[in-house]
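Right, one structure below, let's go through it.
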Amino acid sequence: MTRARGLLTRCPGEPGACRIADAGSLDAALRLLATTPYRGRLTTGMSLPAAQRAVTATLLWHLRVLAGWLPRRGVDCLRLLASGFEIVNIEARYRQLSSRVAEPPPYELGSLATAWNRVARAARPEDLRTALSTSPWRDPGGTAAELAVGLRLTSAARTAVRVPCAARWSAGRTALLVARERFVHGRAPSASAMGPAAQLLGSASRAPDFREYRRRLPAPAGWALRGIDEPAALWQAEGRWWRDVEQDGLRMARRTRYGMDPVVGAVAVLSADAWRTRGALELAANGASFQEGFDVLV
């Protein structure tokens, strides 16, 4: 628990992200990050995508460090919380095999991998899907976009069951993801992809429109869409989801009793900080209106 809390002490946090966002240029923002835990993978002259990926790679490294201090049950829990990195790797590998497009090197997952070691060896898209189908991920089927959504819904459902103190976050994330797919992009997830989400969304998964969808959401998921009256405003809910996860995480990280809650809380705070830092870098690089843009992050 002490080690988990120790990782939080040097995070830029909201004040640091404020300075980064207002830096005036990407290079200036990167120089400000030279005194933070993100410094090891950042150099001036990097592109924005490379810098943002370096921030998330640092987060992954911190999670791997945490995993090295935990017993097996704790590592299993952390593997679920870090599953987004494996999903990104799987998506990139699928694109490589399907379209032969260039992709960044995969994230190094170490002990946090679930099926990646086998997926990485796939030589054809069909091999990748076979590897998924015999793993805890399963194969949600469909197009590349449906694969991406299906994996994220599976991840949320598995996390809600196996990491109870993160169940509220997973349910809220699922509500946001399905709402964005259905009512913004206009593409309903396939039945196989929606299967894992049904237990988190209840009858909302069958709602005919956004208003009915929000009305039917059970409380553990509905909080994420509170006050969102139309799909065009879902982007606001994303920032609020991260803010609430961070606040929950800070409270959990302060708990002194033995268990996984302080570790899960630390992971939440580290993840929110990386998300906010990535956004601050984008504001600095694009010269966006500082106050308006930063308000979205906080």
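In the structure tokens, chains take letters A, B, ... by order of appearance, with residues numbered from 1 within each chain and ligands from 1 in the order shown.
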
Identify all residues of range 71-237 of chain A in helix (DSSP H, G or I) (DSSP on the backbone) and supply them as a VMD selection string. chain A and resid 72 to 81 83 to 99 110 to 112 116 to 119 125 to 133 144 to 162 164 to 184 191 to 206 210 to 216 219 to 225 231 to 237

Please identify every residue of range 99-183 of chain A that has at least one atom no farther than 9 Å from an atom of range 201-211 of chain A, counting only C-alpha atoms, and for each give the shortest atom pair and the distance in Å to one decimal, arranged by chain then increasing number, as JSON lines.
{"residue": "A:Ala171", "atom": "CA", "partner": "A:Leu201", "partner_atom": "CA", "distance": 7.3}
{"residue": "A:Thr174", "atom": "CA", "partner": "A:Leu201", "partner_atom": "CA", "distance": 7.7}
{"residue": "A:Ala175", "atom": "CA", "partner": "A:Leu201", "partner_atom": "CA", "distance": 6.8}
{"residue": "A:Val178", "atom": "CA", "partner": "A:Ser205", "partner_atom": "CA", "distance": 8.1}
{"residue": "A:Ala179", "atom": "CA", "partner": "A:Phe210", "partner_atom": "CA", "distance": 7.4}
{"residue": "A:Arg182", "atom": "CA", "partner": "A:Phe210", "partner_atom": "CA", "distance": 8.5}
{"residue": "A:Phe183", "atom": "CA", "partner": "A:Phe210", "partner_atom": "CA", "distance": 6.6}

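The shortest atom-to-atom distance to Gly16 in chain A, with only C-alpha atoms taken into account, belongs to A:Arg276 out of A:Pro136, A:Glu230, A:Pro220, A:Arg276.
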
Residue nearest Ala123 in chain A - candidates A:Ser98, A:Thr143, A:Ser135, A:Asn89, atoms counted: only C-alpha atoms: A:Ser98

Residue neighbourhood Glu181 in chain A, 12 Å, only C-alpha atoms, exclusion window fewer than 5 positions, as a VMD selection string: chain A and resid 145 to 146 148 to 150 153 174 to 176 186 to 190 193 to 194 205 210 231 234

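Every protein or nucleic acid residue with an atom no more than 9 Å from Glu108 in chain A, counting only C-alpha atoms and leaving out same-chain residues fewer than 4 positions away, appears here: A:Ala57, A:Leu60, A:Trp61, A:Phe85, A:Leu112, A:Ala113.
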
12 Å contact set for Glu238 in chain A, only C-alpha atoms, chain neighbours under 2 positions out, as a PDB file with C-alpha atoms, in the first residue's frame:
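Wrote part.pdb, looks like this:
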ATOM      1  CA  TRP A 169     -16.392   2.725 -12.914  1.00  0.00           C
ATOM      2  CA  GLY A 172     -20.299   3.865 -16.108  1.00  0.00           C
ATOM      3  CA  ARG A 173     -17.671   3.326 -18.776  1.00  0.00           C
ATOM      4  CA  THR A 174     -19.858   0.728 -20.450  1.00  0.00           C
ATOM      5  CA  ALA A 175     -22.821   3.108 -20.472  1.00  0.00           C
ATOM      6  CA  LEU A 176     -20.692   5.785 -22.148  1.00  0.00           C
ATOM      7  CA  LEU A 177     -19.178   3.442 -24.707  1.00  0.00           C
ATOM      8  CA  ALA A 179     -24.161   5.379 -25.918  1.00  0.00           C
ATOM      9  CA  ARG A 180     -21.380   6.744 -28.116  1.00  0.00           C
ATOM     10  CA  TRP A 223     -24.374   8.111 -12.938  1.00  0.00           C
ATOM     11  CA  ALA A 224     -21.980   8.521 -15.882  1.00  0.00           C
ATOM     12  CA  LEU A 225     -24.724  10.105 -18.033  1.00  0.00           C
ATOM     13  CA  ARG A 226     -26.258  12.265 -15.321  1.00  0.00           C
ATOM     14  CA  ILE A 228     -26.498  14.571 -20.371  1.00  0.00           C
ATOM     15  CA  PRO A 231     -25.777  12.456 -27.496  1.00  0.00           C
ATOM     16  CA  ALA A 232     -23.861  15.530 -28.687  1.00  0.00           C
ATOM     17  CA  ALA A 233     -22.986  16.278 -25.051  1.00  0.00           C
ATOM     18  CA  LEU A 234     -21.464  12.869 -24.320  1.00  0.00           C
ATOM     19  CA  TRP A 235     -17.956  14.330 -24.604  1.00  0.00           C
ATOM     20  CA  GLN A 236     -18.652  16.223 -21.375  1.00  0.00           C
ATOM     21  CA  ARG A 240     -16.622  13.863 -15.663  1.00  0.00           C
ATOM     22  CA  TRP A 241     -16.130  10.088 -15.643  1.00  0.00           C
ATOM     23  CA  TRP A 242     -12.381  10.575 -15.281  1.00  0.00           C
ATOM     24  CA  ARG A 243     -12.845  13.221 -12.591  1.00  0.00           C
ATOM     25  CA  ASP A 244     -15.101  10.954 -10.529  1.00  0.00           C
ATOM     26  CA  VAL A 245     -12.785   7.973 -10.966  1.00  0.00           C
ATOM     27  CA  ALA A 272      -6.576   9.831 -14.581  1.00  0.00           C
ATOM     28  CA  TRP A 275      -5.351  11.002 -19.327  1.00  0.00           C
ATOM     29  CA  ARG A 276      -5.253  14.632 -18.180  1.00  0.00           C
ATOM     30  CA  VAL A 296     -12.898  19.883 -20.264  1.00  0.00           C
ATOM     31  CA  LEU A 297      -9.971  18.163 -18.527  1.00  0.00           C
ATOM     32  CA  VAL A 298     -10.919  19.181 -15.000  1.00  0.00           C
TER      33      VAL A 298
END

Near Glu91 in chain A, counting only C-alpha atoms, which residues have an atom at most 12 Å away, once you skip same-chain residues fewer than 4 positions from it, shown as a JSON list (two decimals) with all heavy atoms, in the first residue's frame?
[["chain", "number", "residue", "atom", "x", "y", "z"],
["A", 84, "GLY", "N", -6.74, -2.26, -21.06],
["A", 84, "GLY", "CA", -6.82, -1.34, -22.19],
["A", 84, "GLY", "C", -5.56, -1.33, -23.03],
["A", 84, "GLY", "O", -5.62, -1.15, -24.26],
["A", 85, "PHE", "N", -4.41, -1.54, -22.40],
["A", 85, "PHE", "CA", -3.15, -1.58, -23.15],
["A", 85, "PHE", "C", -3.12, -2.79, -24.07],
["A", 85, "PHE", "O", -2.66, -2.71, -25.21],
["A", 85, "PHE", "CB", -1.96, -1.60, -22.19],
["A", 85, "PHE", "CG", -1.77, -0.33, -21.44],
["A", 85, "PHE", "CD1", -2.24, -0.18, -20.14],
["A", 85, "PHE", "CD2", -1.14, 0.75, -22.03],
["A", 85, "PHE", "CE1", -2.06, 1.00, -19.44],
["A", 85, "PHE", "CE2", -0.96, 1.94, -21.35],
["A", 85, "PHE", "CZ", -1.43, 2.07, -20.05],
["A", 86, "GLU", "N", -3.58, -3.93, -23.57],
["A", 86, "GLU", "CA", -3.60, -5.12, -24.41],
["A", 86, "GLU", "C", -4.59, -4.95, -25.56],
["A", 86, "GLU", "O", -4.32, -5.39, -26.69],
["A", 86, "GLU", "CB", -3.94, -6.36, -23.59],
["A", 86, "GLU", "CG", -3.96, -7.63, -24.42],
["A", 86, "GLU", "CD", -3.79, -8.90, -23.59],
["A", 86, "GLU", "OE1", -2.64, -9.23, -23.27],
["A", 86, "GLU", "OE2", -4.81, -9.52, -23.25],
["A", 87, "ILE", "N", -5.72, -4.31, -25.29],
["A", 87, "ILE", "CA", -6.70, -4.08, -26.34],
["A", 87, "ILE", "C", -6.10, -3.22, -27.45],
["A", 87, "ILE", "O", -6.28, -3.50, -28.65],
["A", 87, "ILE", "CB", -7.97, -3.43, -25.76],
["A", 87, "ILE", "CG1", -8.70, -4.43, -24.85],
["A", 87, "ILE", "CG2", -8.90, -2.95, -26.88],
["A", 87, "ILE", "CD1", -9.86, -3.82, -24.08],
["A", 95, "ARG", "N", -4.97, -4.55, -37.41],
["A", 95, "ARG", "CA", -4.81, -3.64, -38.55],
["A", 95, "ARG", "C", -3.59, -4.01, -39.37],
["A", 95, "ARG", "O", -3.63, -3.97, -40.61],
["A", 95, "ARG", "CB", -4.68, -2.19, -38.05],
["A", 95, "ARG", "CG", -5.97, -1.57, -37.56],
["A", 95, "ARG", "CD", -5.84, -0.09, -37.38],
["A", 95, "ARG", "NE", -4.86, 0.27, -36.36],
["A", 95, "ARG", "CZ", -5.14, 0.48, -35.08],
["A", 95, "ARG", "NH1", -6.40, 0.35, -34.67],
["A", 95, "ARG", "NH2", -4.21, 0.81, -34.23],
["A", 96, "GLN", "N", -2.51, -4.38, -38.71],
["A", 96, "GLN", "CA", -1.31, -4.80, -39.43],
["A", 96, "GLN", "C", -1.58, -5.99, -40.33],
["A", 96, "GLN", "O", -1.16, -6.03, -41.49],
["A", 96, "GLN", "CB", -0.20, -5.16, -38.44],
["A", 96, "GLN", "CG", 0.54, -3.98, -37.85],
["A", 96, "GLN", "CD", 1.65, -4.44, -36.92],
["A", 96, "GLN", "OE1", 1.51, -5.43, -36.20],
["A", 96, "GLN", "NE2", 2.77, -3.74, -36.95],
["A", 97, "LEU", "N", -2.28, -6.98, -39.77],
["A", 97, "LEU", "CA", -2.53, -8.20, -40.53],
["A", 97, "LEU", "C", -3.56, -8.00, -41.63],
["A", 97, "LEU", "O", -3.49, -8.65, -42.68],
["A", 97, "LEU", "CB", -3.00, -9.30, -39.58],
["A", 97, "LEU", "CG", -1.99, -9.74, -38.51],
["A", 97, "LEU", "CD1", -2.63, -10.74, -37.56],
["A", 97, "LEU", "CD2", -0.75, -10.35, -39.15],
["A", 98, "SER", "N", -4.51, -7.10, -41.40],
["A", 98, "SER", "CA", -5.59, -6.91, -42.36],
["A", 98, "SER", "C", -5.21, -5.95, -43.48],
["A", 98, "SER", "O", -5.58, -6.16, -44.64],
["A", 98, "SER", "CB", -6.84, -6.38, -41.66],
["A", 98, "SER", "OG", -7.27, -7.27, -40.65],
["A", 99, "SER", "N", -4.49, -4.90, -43.14],
["A", 99, "SER", "CA", -4.22, -3.84, -44.12],
["A", 99, "SER", "C", -2.75, -3.59, -44.36],
["A", 99, "SER", "O", -2.40, -2.75, -45.19],
["A", 99, "SER", "CB", -4.88, -2.54, -43.65],
["A", 99, "SER", "OG", -6.25, -2.73, -43.37],
["A", 101, "VAL", "N", -0.71, -1.98, -42.56],
["A", 101, "VAL", "CA", -0.37, -0.60, -42.23],
["A", 101, "VAL", "C", 0.70, -0.59, -41.14],
["A", 101, "VAL", "O", 0.80, -1.52, -40.34],
["A", 101, "VAL", "CB", -1.60, 0.18, -41.74],
["A", 101, "VAL", "CG1", -2.62, 0.30, -42.85],
["A", 101, "VAL", "CG2", -2.23, -0.49, -40.51],
["A", 103, "GLU", "N", 2.38, 0.42, -37.70],
["A", 103, "GLU", "CA", 1.86, 0.72, -36.38],
["A", 103, "GLU", "C", 3.04, 0.96, -35.43],
["A", 103, "GLU", "O", 4.14, 0.46, -35.65],
["A", 103, "GLU", "CB", 1.03, -0.45, -35.84],
["A", 103, "GLU", "CG", -0.25, -0.72, -36.62],
["A", 103, "GLU", "CD", -1.33, 0.31, -36.34],
["A", 103, "GLU", "OE1", -1.19, 1.07, -35.35],
["A", 103, "GLU", "OE2", -2.30, 0.35, -37.12],
["A", 104, "PRO", "N", 2.82, 1.75, -34.36],
["A", 104, "PRO", "CA", 3.87, 1.90, -33.35],
["A", 104, "PRO", "C", 4.19, 0.56, -32.72],
["A", 104, "PRO", "O", 3.38, -0.37, -32.76],
["A", 104, "PRO", "CB", 3.25, 2.86, -32.33],
["A", 104, "PRO", "CG", 2.09, 3.49, -33.02],
["A", 104, "PRO", "CD", 1.60, 2.49, -34.02],
["A", 106, "PRO", "N", 4.30, -2.35, -30.10],
["A", 106, "PRO", "CA", 3.27, -2.65, -29.10],
["A", 106, "PRO", "C", 3.73, -2.26, -27.69],
["A", 106, "PRO", "O", 4.93, -2.17, -27.41],
["A", 106, "PRO", "CB", 3.10, -4.16, -29.22],
["A", 106, "PRO", "CG", 4.38, -4.65, -29.80],
["A", 106, "PRO", "CD", 4.86, -3.57, -30.71],
["A", 107, "TYR", "N", 2.76, -2.02, -26.84],
["A", 107, "TYR", "CA", 3.08, -1.79, -25.43],
["A", 107, "TYR", "C", 3.68, -3.06, -24.84],
["A", 107, "TYR", "O", 3.23, -4.17, -25.13],
["A", 107, "TYR", "CB", 1.81, -1.42, -24.65],
["A", 107, "TYR", "CG", 1.30, -0.03, -24.91],
["A", 107, "TYR", "CD1", 0.11, 0.18, -25.60],
["A", 107, "TYR", "CD2", 2.00, 1.09, -24.46],
["A", 107, "TYR", "CE1", -0.38, 1.46, -25.83],
["A", 107, "TYR", "CE2", 1.52, 2.37, -24.68],
["A", 107, "TYR", "CZ", 0.35, 2.55, -25.37],
["A", 107, "TYR", "OH", -0.13, 3.82, -25.59],
["A", 116, "TRP", "N", -1.90, -11.61, -25.14],
["A", 116, "TRP", "CA", -1.09, -10.91, -26.11],
["A", 116, "TRP", "C", 0.05, -11.76, -26.67],
["A", 116, "TRP", "O", 0.37, -11.70, -27.86],
["A", 116, "TRP", "CB", -0.53, -9.62, -25.52],
["A", 116, "TRP", "CG", 0.45, -8.94, -26.43],
["A", 116, "TRP", "CD1", 1.76, -8.68, -26.19],
["A", 116, "TRP", "CD2", 0.19, -8.46, -27.75],
["A", 116, "TRP", "NE1", 2.34, -8.07, -27.27],
["A", 116, "TRP", "CE2", 1.39, -7.92, -28.24],
["A", 116, "TRP", "CE3", -0.94, -8.44, -28.57],
["A", 116, "TRP", "CZ2", 1.50, -7.37, -29.51],
["A", 116, "TRP", "CZ3", -0.84, -7.88, -29.84],
["A", 116, "TRP", "CH2", 0.37, -7.36, -30.30],
["A", 119, "VAL", "N", -1.44, -13.73, -29.40],
["A", 119, "VAL", "CA", -1.95, -12.86, -30.46],
["A", 119, "VAL", "C", -0.80, -12.27, -31.27],
["A", 119, "VAL", "O", -0.88, -12.13, -32.49],
["A", 119, "VAL", "CB", -2.82, -11.74, -29.85],
["A", 119, "VAL", "CG1", -3.13, -10.66, -30.88],
["A", 119, "VAL", "CG2", -4.12, -12.32, -29.28],
["A", 120, "ALA", "N", 0.28, -11.91, -30.59],
["A", 120, "ALA", "CA", 1.42, -11.29, -31.27],
["A", 120, "ALA", "C", 2.03, -12.21, -32.31],
["A", 120, "ALA", "O", 2.67, -11.74, -33.27],
["A", 120, "ALA", "CB", 2.47, -10.87, -30.25],
["A", 125, "PRO", "N", -5.27, -12.52, -40.00],
["A", 125, "PRO", "CA", -6.39, -12.08, -39.16],
["A", 125, "PRO", "C", -7.15, -13.26, -38.53],
["A", 125, "PRO", "O", -7.57, -13.19, -37.38],
["A", 125, "PRO", "CB", -7.27, -11.29, -40.13],
["A", 125, "PRO", "CG", -6.34, -10.80, -41.18],
["A", 125, "PRO", "CD", -5.33, -11.90, -41.34],
["A", 128, "LEU", "N", -5.41, -14.50, -35.49],
["A", 128, "LEU", "CA", -5.61, -13.60, -34.35],
["A", 128, "LEU", "C", -6.96, -13.88, -33.70],
["A", 128, "LEU", "O", -7.06, -13.98, -32.47],
["A", 128, "LEU", "CB", -5.53, -12.15, -34.81],
["A", 128, "LEU", "CG", -5.65, -11.07, -33.74],
["A", 128, "LEU", "CD1", -4.82, -9.84, -34.13],
["A", 128, "LEU", "CD2", -7.12, -10.64, -33.53],
["A", 129, "ARG", "N", -7.99, -14.04, -34.52],
["A", 129, "ARG", "CA", -9.32, -14.30, -33.96],
["A", 129, "ARG", "C", -9.38, -15.66, -33.27],
["A", 129, "ARG", "O", -10.06, -15.82, -32.25],
["A", 129, "ARG", "CB", -10.38, -14.18, -35.06],
["A", 129, "ARG", "CG", -10.60, -12.73, -35.51],
["A", 129, "ARG", "CD", -11.77, -12.63, -36.46],
["A", 129, "ARG", "NE", -12.08, -11.26, -36.84],
["A", 129, "ARG", "CZ", -12.84, -10.43, -36.14],
["A", 129, "ARG", "NH1", -13.35, -10.81, -34.99],
["A", 129, "ARG", "NH2", -13.10, -9.20, -36.57],
["A", 132, "LEU", "N", -7.89, -15.22, -29.89],
["A", 132, "LEU", "CA", -8.82, -14.56, -28.98],
["A", 132, "LEU", "C", -9.92, -15.51, -28.52],
["A", 132, "LEU", "O", -10.31, -15.50, -27.35],
["A", 132, "LEU", "CB", -9.46, -13.35, -29.67],
["A", 132, "LEU", "CG", -8.60, -12.12, -29.90],
["A", 132, "LEU", "CD1", -9.39, -11.05, -30.64],
["A", 132, "LEU", "CD2", -8.07, -11.57, -28.58],
["A", 143, "THR", "N", -16.59, -6.59, -37.69],
["A", 143, "THR", "CA", -15.54, -5.79, -38.32],
["A", 143, "THR", "C", -14.47, -5.41, -37.30],
["A", 143, "THR", "O", -14.59, -5.71, -36.11],
["A", 143, "THR", "CB", -16.14, -4.51, -38.91],
["A", 143, "THR", "OG1", -16.65, -3.71, -37.82],
["A", 143, "THR", "CG2", -17.28, -4.82, -39.88],
["A", 144, "ALA", "N", -13.44, -4.71, -37.78],
["A", 144, "ALA", "CA", -12.39, -4.24, -36.88],
["A", 144, "ALA", "C", -12.96, -3.32, -35.81],
["A", 144, "ALA", "O", -12.58, -3.40, -34.63],
["A", 144, "ALA", "CB", -11.30, -3.54, -37.68],
["A", 145, "ALA", "N", -13.90, -2.44, -36.21],
["A", 145, "ALA", "CA", -14.52, -1.53, -35.23],
["A", 145, "ALA", "C", -15.32, -2.31, -34.20],
["A", 145, "ALA", "O", -15.29, -2.01, -32.99],
["A", 145, "ALA", "CB", -15.41, -0.52, -35.95],
["A", 146, "GLU", "N", -16.04, -3.33, -34.65],
["A", 146, "GLU", "CA", -16.83, -4.15, -33.72],
["A", 146, "GLU", "C", -15.93, -4.96, -32.80],
["A", 146, "GLU", "O", -16.25, -5.19, -31.63],
["A", 146, "GLU", "CB", -17.77, -5.06, -34.50],
["A", 146, "GLU", "CG", -18.91, -4.31, -35.18],
["A", 146, "GLU", "CD", -19.70, -5.19, -36.13],
["A", 146, "GLU", "OE1", -19.12, -6.12, -36.72],
["A", 146, "GLU", "OE2", -20.91, -4.93, -36.29],
["A", 147, "LEU", "N", -14.80, -5.39, -33.32],
["A", 147, "LEU", "CA", -13.82, -6.09, -32.49],
["A", 147, "LEU", "C", -13.35, -5.19, -31.36],
["A", 147, "LEU", "O", -13.30, -5.60, -30.19],
["A", 147, "LEU", "CB", -12.63, -6.54, -33.34],
["A", 147, "LEU", "CG", -11.44, -7.15, -32.59],
["A", 147, "LEU", "CD1", -11.83, -8.48, -31.96],
["A", 147, "LEU", "CD2", -10.25, -7.32, -33.52],
["A", 148, "ALA", "N", -13.01, -3.94, -31.69],
["A", 148, "ALA", "CA", -12.51, -3.00, -30.70],
["A", 148, "ALA", "C", -13.54, -2.75, -29.60],
["A", 148, "ALA", "O", -13.23, -2.77, -28.40],
["A", 148, "ALA", "CB", -12.12, -1.69, -31.37],
["A", 149, "VAL", "N", -14.80, -2.53, -30.02],
["A", 149, "VAL", "CA", -15.86, -2.28, -29.04],
["A", 149, "VAL", "C", -16.12, -3.52, -28.20],
["A", 149, "VAL", "O", -16.25, -3.45, -26.97],
["A", 149, "VAL", "CB", -17.15, -1.83, -29.75],
["A", 149, "VAL", "CG1", -18.32, -1.76, -28.77],
["A", 149, "VAL", "CG2", -16.93, -0.48, -30.41],
["A", 150, "GLY", "N", -16.18, -4.68, -28.85],
["A", 150, "GLY", "CA", -16.45, -5.92, -28.13],
["A", 150, "GLY", "C", -15.41, -6.22, -27.06],
["A", 150, "GLY", "O", -15.73, -6.64, -25.95],
["A", 151, "LEU", "N", -14.13, -5.98, -27.38],
["A", 151, "LEU", "CA", -13.07, -6.22, -26.40],
["A", 151, "LEU", "C", -13.21, -5.28, -25.20],
["A", 151, "LEU", "O", -13.01, -5.70, -24.05],
["A", 151, "LEU", "CB", -11.70, -6.05, -27.05],
["A", 151, "LEU", "CG", -11.30, -7.09, -28.09],
["A", 151, "LEU", "CD1", -9.97, -6.72, -28.74],
["A", 151, "LEU", "CD2", -11.22, -8.49, -27.47],
["A", 152, "ARG", "N", -13.56, -4.05, -25.45],
["A", 152, "ARG", "CA", -13.72, -3.09, -24.35],
["A", 152, "ARG", "C", -14.92, -3.43, -23.48],
["A", 152, "ARG", "O", -14.87, -3.27, -22.26],
["A", 152, "ARG", "CB", -13.82, -1.67, -24.91],
["A", 152, "ARG", "CG", -12.46, -1.12, -25.35],
["A", 152, "ARG", "CD", -12.56, 0.20, -26.10],
["A", 152, "ARG", "NE", -11.23, 0.76, -26.31],
["A", 152, "ARG", "CZ", -10.37, 0.34, -27.24],
["A", 152, "ARG", "NH1", -10.71, -0.65, -28.06],
["A", 152, "ARG", "NH2", -9.18, 0.88, -27.36]]

For Ala191 in chain A, find every residue with an atom within 10 Å (counting only C-alpha atoms), except residues of its own chain fewer than 4 positions away, and show them as a PyMOL selection string. chain A and resi 140-141+150+195-198
